[in-house]
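Novice: Here's a structure for you.
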Amino acid sequence: MSATASISGVGGEERNDFTKVESQQIRQRSLRLLGSLLRPERPRLLLGLIVVVVSTAAQVAGPALIAYGIDSGLPALLANDWMPIGLAGAAYILTGVSGALLISWFTVLTARISQSILLDLRKRVFAQTQRLSLEFHESYTSGRIISRQTSDLDAIRELLDSGINQLVQGLLYMLFIGVALFSLDWTSGIILVCSLLPLAILTRWFQVRSQKMFRLTRVASAKLIVKFVETMTGIRAVKAFRTEKSNEREFGGLVEEYRESNARVIRLFGIFDPGLVLIGNVTVAVVLLVGAFRVIDGQVAIGVLLAAVLYTRRFFDPMEEMAMFYNSYQSAAAALEKISGVLDETPSVADPVSPVDLWESKGEIDFVGVEFSYDTGRVVLPRFTLHIPAGQTIALVGSTGAGKSTLAKLISRFYDPTAGILALDGIDLREVHPKDLRRAIVMVTQEAYLFSGSVAENIAIGKPGASRDEIVRAAEAVGADTFITGLPNGYETDVNKRGGRVSAGQRQLISFARAFLADPAVLILDEATASLDIPSERLVQDALQTLLADRTAIIIAHRLSTVAIADRVLVMEHGRIVEDGTPADLIAGTGRFSQLHASWRESLV
Ligand SMILES: Nc1ncnc2c1ncn2[C@@H]1O[C@H](COP(=O)(O)OP(=O)(O)OP(=O)(O)O)[C@@H](O)[C@H]1O
């Protein structure tokens, strides 16, 4: 595998042994993403920069005005000239007020910029994760997807909301203070420069240590999310196997790890913060002492000394936040790396470049020399050819792992064959317009998933924009109408709210109604293995008959009654179709199906 391939998309997430070239490529990918996010914001960014420069200059003017007031205003006042002190006072108020107003404008402006960048990024991540093929989602866990949408976006939000503002403001503030101090009093300026050495040593020490600690904190918090999501998505298994206690223990351990890594960060601050205060105070004391001697010697005016002390004091104010910037930058950069990896993924099932329209599909399916393997490389379906005429009902049977779902997933184009052609009405599925493909082929999965919302909304998924009449007719056709009208709010009942809870069989009927409304030329049905009670089974069976009429149907059959209504049975073993015939013929024979049929019959007795 080439170096580029191994880090492309999310490939680099599990690795931390990048070569220099690979790290560079990953950084460039993040920068490209950042560039594309910032580009539309350029005018507002420029405005923000102008506002922050002016507001910082206004804030820094204060001590210089005080110096002027004391050194020029006071002597003039003693000589009954109110003008200089009045000017100094007015300018102080003016710069103070305008500085405050501008900084408030800057805060709102940058918040707006960061909000629109985040909105853009959030939408991109959502659209991309939806667009990516099933293959991606089968290996990229939901915990990781949730982290991308939550903690990673949070890290970027933190950087945009406060980190960058504080860095720009802090840098400008320190730069302007330095300039002001040097223009007022060189000696104090040089004392301040001398303090930069211990300051740099302390900050560097903090950065090196905290980088490691913050990374540990991030890892610990990611572990917490993954454990939480995993437990909650598998809550049924948790309850069934009573693993609550061991989960609690494991989660408790992770919480402890998180607490410990946070405590270490806090201990680090316990050294860094007082260190900053100490360096700041010592520098102020030196400026004051040296200045005092120079005031006595008449080398420097008292107002200038006061301004120098104030500047020196304020110089250290943004230090802590600036040192923190590095950490928020680190977390945001790590987050951006992962997000850019997800955005960089290309769907393995790509949309056709020049799609072929298929207005009215007949539902004829052809596998021509098709072979398939998942990305593990093991051949799951060895090369085969199969013709399914339009309108035929096929029952797919075979032992677990035989490849039935895989065959169904190929017809739904959740995956593309690794070799050969799979065609609908003679057109390669890879070339059919995605919109037409979704209309022509519908797969009803075993789980019969219902989304939050009303029963009517859930049925309407089959045909967006369907009228209430059409929805009711679809429900009636599959025999779901009776139980739906019996629900507390009929078709408006929320399926995820108390009272709206529906049984497994009812869920299946709703998903049948959904498929009936969609009216596809090809219907693929992964029949639920969960045994329904006899009346439910009969209801579902009747619904199935209506649903299958006038279309091609491929049913992964687990029930004998379903096989009986099929025109043709395909028996699969180890990815191969080992028997192919009408149910009657196969039962009469001596093959795999007749044995299966016999054992089914026995289980019914
Ligand atoms: N996403 C995947 N990645 C890799 N291998 C897979 C994947 N899904 C299925 N397989 C493998 O492909 C083979 C066929 O699986 P498939 O789900 O098609 O079987 P099946 O006949 O539908 O089984 P069942 O009746 O248990 O659902 C199995 O060996 C399985 O391990």
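By convention here, the chains of the structure tokens are called A, B, ... in the order presented, each chain's residues are numbered starting at 1, and ligands are numbered starting at 1 in the order presented.
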If the limit is 9 Å from any atom of ligand 1, counting only C-alpha atoms and all ligand atoms, which residues qualify? Return them as a PyMOL selection string.

Specialist: chain A and resi 134-135+138-139+373-381+396-409+526+556+558+572-575

Novice: Tell me, as a list in words, which residues lie within 9 Å of Leu509 of chain A, counting only C-alpha atoms; anything in the same chain fewer than 5 positions away does not count.

Specialist: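 After dropping sequence-adjacent residues, the list is Ala448, Ala475, Val478, Gly479, Ala480, Ala504, Arg514, Leu539, Val540 and Ala543 of chain A.
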
Novice: Please produce an output containing N, CA and C atoms for each residue in the selection, written as a PDB file, in the first residue's frame.

Specialist:
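And here's again15.pdb as it stands now:
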```pdb
ATOM      1  N   ALA A 448     -36.814  -3.154  10.276  1.00  0.00           N
ATOM      2  CA  ALA A 448     -37.982  -2.312   9.987  1.00  0.00           C
ATOM      3  C   ALA A 448     -37.907  -1.026  10.809  1.00  0.00           C
ATOM      4  N   ALA A 475     -51.613   1.763   3.707  1.00  0.00           N
ATOM      5  CA  ALA A 475     -51.768   1.042   4.977  1.00  0.00           C
ATOM      6  C   ALA A 475     -52.884   0.003   4.854  1.00  0.00           C
ATOM      7  N   VAL A 478     -51.848  -3.223   2.863  1.00  0.00           N
ATOM      8  CA  VAL A 478     -51.046  -4.242   3.546  1.00  0.00           C
ATOM      9  C   VAL A 478     -51.685  -4.663   4.878  1.00  0.00           C
ATOM     10  N   GLY A 479     -52.882  -4.187   5.105  1.00  0.00           N
ATOM     11  CA  GLY A 479     -53.609  -4.597   6.312  1.00  0.00           C
ATOM     12  C   GLY A 479     -53.106  -3.960   7.588  1.00  0.00           C
ATOM     13  N   ALA A 480     -52.510  -2.775   7.471  1.00  0.00           N
ATOM     14  CA  ALA A 480     -51.984  -2.116   8.672  1.00  0.00           C
ATOM     15  C   ALA A 480     -52.980  -1.109   9.224  1.00  0.00           C
ATOM     16  N   ALA A 504     -43.266  -5.705  17.104  1.00  0.00           N
ATOM     17  CA  ALA A 504     -42.368  -6.037  15.987  1.00  0.00           C
ATOM     18  C   ALA A 504     -43.171  -6.280  14.705  1.00  0.00           C
ATOM     19  N   ARG A 514     -44.909   1.414   3.826  1.00  0.00           N
ATOM     20  CA  ARG A 514     -43.918   2.360   3.287  1.00  0.00           C
ATOM     21  C   ARG A 514     -43.436   1.877   1.913  1.00  0.00           C
ATOM     22  N   LEU A 539     -51.235 -12.071   9.459  1.00  0.00           N
ATOM     23  CA  LEU A 539     -51.435 -10.696   9.003  1.00  0.00           C
ATOM     24  C   LEU A 539     -50.287 -10.289   8.086  1.00  0.00           C
ATOM     25  N   VAL A 540     -49.043 -10.575   8.563  1.00  0.00           N
ATOM     26  CA  VAL A 540     -47.853 -10.204   7.802  1.00  0.00           C
ATOM     27  C   VAL A 540     -47.824 -10.973   6.478  1.00  0.00           C
ATOM     28  N   ALA A 543     -50.244  -9.463   4.098  1.00  0.00           N
ATOM     29  CA  ALA A 543     -49.703  -8.174   3.639  1.00  0.00           C
ATOM     30  C   ALA A 543     -48.645  -8.418   2.571  1.00  0.00           C
TER      31      ALA A 543
END
```

Novice: Mind checking which residues fall within 8 Å of segment 593-604 of chain A, counting only C-alpha atoms, ignoring those fewer than 2 positions away in the same chain, and posting them as JSON, numbers by chain?

Specialist: {"A": [560, 571, 579, 586, 587, 588, 589, 590, 591]}

Novice: Hey, which of A:Leu525, A:Leu437, A:Ala263, A:Leu38 ends up closest to Thr562 of chain A? Count only C-alpha atoms.

Specialist: A:Leu525

Novice: Record the distance separating atom CA of Pro63 of chain A and atom CA of Leu310 of chain A, expressed in Å with one decimal.

Specialist: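 Between atom CA of Pro63 of chain A and atom CA of Leu310 of chain A the gap is 6.5 Å.
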
Novice: Would you mind telling me which residue in A:Gly486, A:Ser331, A:Asp161, A:Leu65 lies nearest to Thr95 of chain A when using only C-alpha atoms?

Specialist: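 With only C-alpha atoms as the atom set, the closest residue is A:Leu65.
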
Novice: Show me, as JSON lines, the residues of segment 390-504 of chain A having an atom within 7 Å of segment 343-367 of chain A, each with the closest atom pair and its distance in Å, using only C-alpha atoms.

Specialist:
```
{"residue": "A:Ala390", "atom": "CA", "partner": "A:Glu364", "partner_atom": "CA", "distance": 4.2}
{"residue": "A:Gly391", "atom": "CA", "partner": "A:Gly363", "partner_atom": "CA", "distance": 6.7}
{"residue": "A:Tyr415", "atom": "CA", "partner": "A:Val349", "partner_atom": "CA", "distance": 6.1}
{"residue": "A:Asp416", "atom": "CA", "partner": "A:Val349", "partner_atom": "CA", "distance": 6.3}
{"residue": "A:Ile421", "atom": "CA", "partner": "A:Phe367", "partner_atom": "CA", "distance": 6.0}
{"residue": "A:Leu422", "atom": "CA", "partner": "A:Phe367", "partner_atom": "CA", "distance": 4.6}
{"residue": "A:Ala423", "atom": "CA", "partner": "A:Asp366", "partner_atom": "CA", "distance": 5.1}
{"residue": "A:Leu424", "atom": "CA", "partner": "A:Ile365", "partner_atom": "CA", "distance": 4.8}
{"residue": "A:Asp425", "atom": "CA", "partner": "A:Glu364", "partner_atom": "CA", "distance": 4.9}
{"residue": "A:Arg430", "atom": "CA", "partner": "A:Pro352", "partner_atom": "CA", "distance": 6.1}
{"residue": "A:Glu431", "atom": "CA", "partner": "A:Pro355", "partner_atom": "CA", "distance": 5.1}
{"residue": "A:Val432", "atom": "CA", "partner": "A:Val356", "partner_atom": "CA", "distance": 4.8}
{"residue": "A:His433", "atom": "CA", "partner": "A:Pro355", "partner_atom": "CA", "distance": 4.7}
{"residue": "A:Pro434", "atom": "CA", "partner": "A:Asp351", "partner_atom": "CA", "distance": 6.8}
{"residue": "A:Asp436", "atom": "CA", "partner": "A:Leu358", "partner_atom": "CA", "distance": 5.8}
{"residue": "A:Ala440", "atom": "CA", "partner": "A:Ser361", "partner_atom": "CA", "distance": 6.2}
```

Novice: List the neighbours of Lys212 of chain A out to 12 Å using only C-alpha atoms; skip same-chain residues closer than 2 positions along the sequence, and give me the result as a PyMOL selection string.

Specialist: chain A and resi 205-210+214-219+261-262+264-265+268+326-327+330-331

Novice: Could you pull out the alpha helix (DSSP H) residues of segment 384-428 of chain A, going by DSSP on the backbone, and write them as a PDB file with N, CA and C atoms, in the first residue's frame?

Specialist:
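Result saved to result05.pdb:
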```
ATOM      1  N   LYS A 404     -26.689 -14.594   1.647  1.00  0.00           N
ATOM      2  CA  LYS A 404     -28.010 -14.116   1.197  1.00  0.00           C
ATOM      3  C   LYS A 404     -28.108 -12.590   1.303  1.00  0.00           C
ATOM      4  N   SER A 405     -27.749 -12.043   2.477  1.00  0.00           N
ATOM      5  CA  SER A 405     -27.836 -10.587   2.651  1.00  0.00           C
ATOM      6  C   SER A 405     -26.884  -9.891   1.692  1.00  0.00           C
ATOM      7  N   THR A 406     -25.734 -10.492   1.477  1.00  0.00           N
ATOM      8  CA  THR A 406     -24.758  -9.878   0.581  1.00  0.00           C
ATOM      9  C   THR A 406     -25.348  -9.749  -0.823  1.00  0.00           C
ATOM     10  N   LEU A 407     -26.000 -10.815  -1.287  1.00  0.00           N
ATOM     11  CA  LEU A 407     -26.624 -10.781  -2.616  1.00  0.00           C
ATOM     12  C   LEU A 407     -27.675  -9.673  -2.662  1.00  0.00           C
ATOM     13  N   ALA A 408     -28.479  -9.583  -1.577  1.00  0.00           N
ATOM     14  CA  ALA A 408     -29.525  -8.554  -1.520  1.00  0.00           C
ATOM     15  C   ALA A 408     -28.902  -7.163  -1.521  1.00  0.00           C
ATOM     16  N   LYS A 409     -27.800  -7.000  -0.794  1.00  0.00           N
ATOM     17  CA  LYS A 409     -27.158  -5.686  -0.717  1.00  0.00           C
ATOM     18  C   LYS A 409     -26.596  -5.269  -2.067  1.00  0.00           C
ATOM     19  N   LEU A 410     -26.168  -6.254  -2.859  1.00  0.00           N
ATOM     20  CA  LEU A 410     -25.652  -5.928  -4.204  1.00  0.00           C
ATOM     21  C   LEU A 410     -26.786  -5.399  -5.082  1.00  0.00           C
ATOM     22  N   ILE A 411     -27.968  -6.054  -4.990  1.00  0.00           N
ATOM     23  CA  ILE A 411     -29.087  -5.609  -5.829  1.00  0.00           C
ATOM     24  C   ILE A 411     -29.525  -4.198  -5.404  1.00  0.00           C
TER      25      ILE A 411
END
```
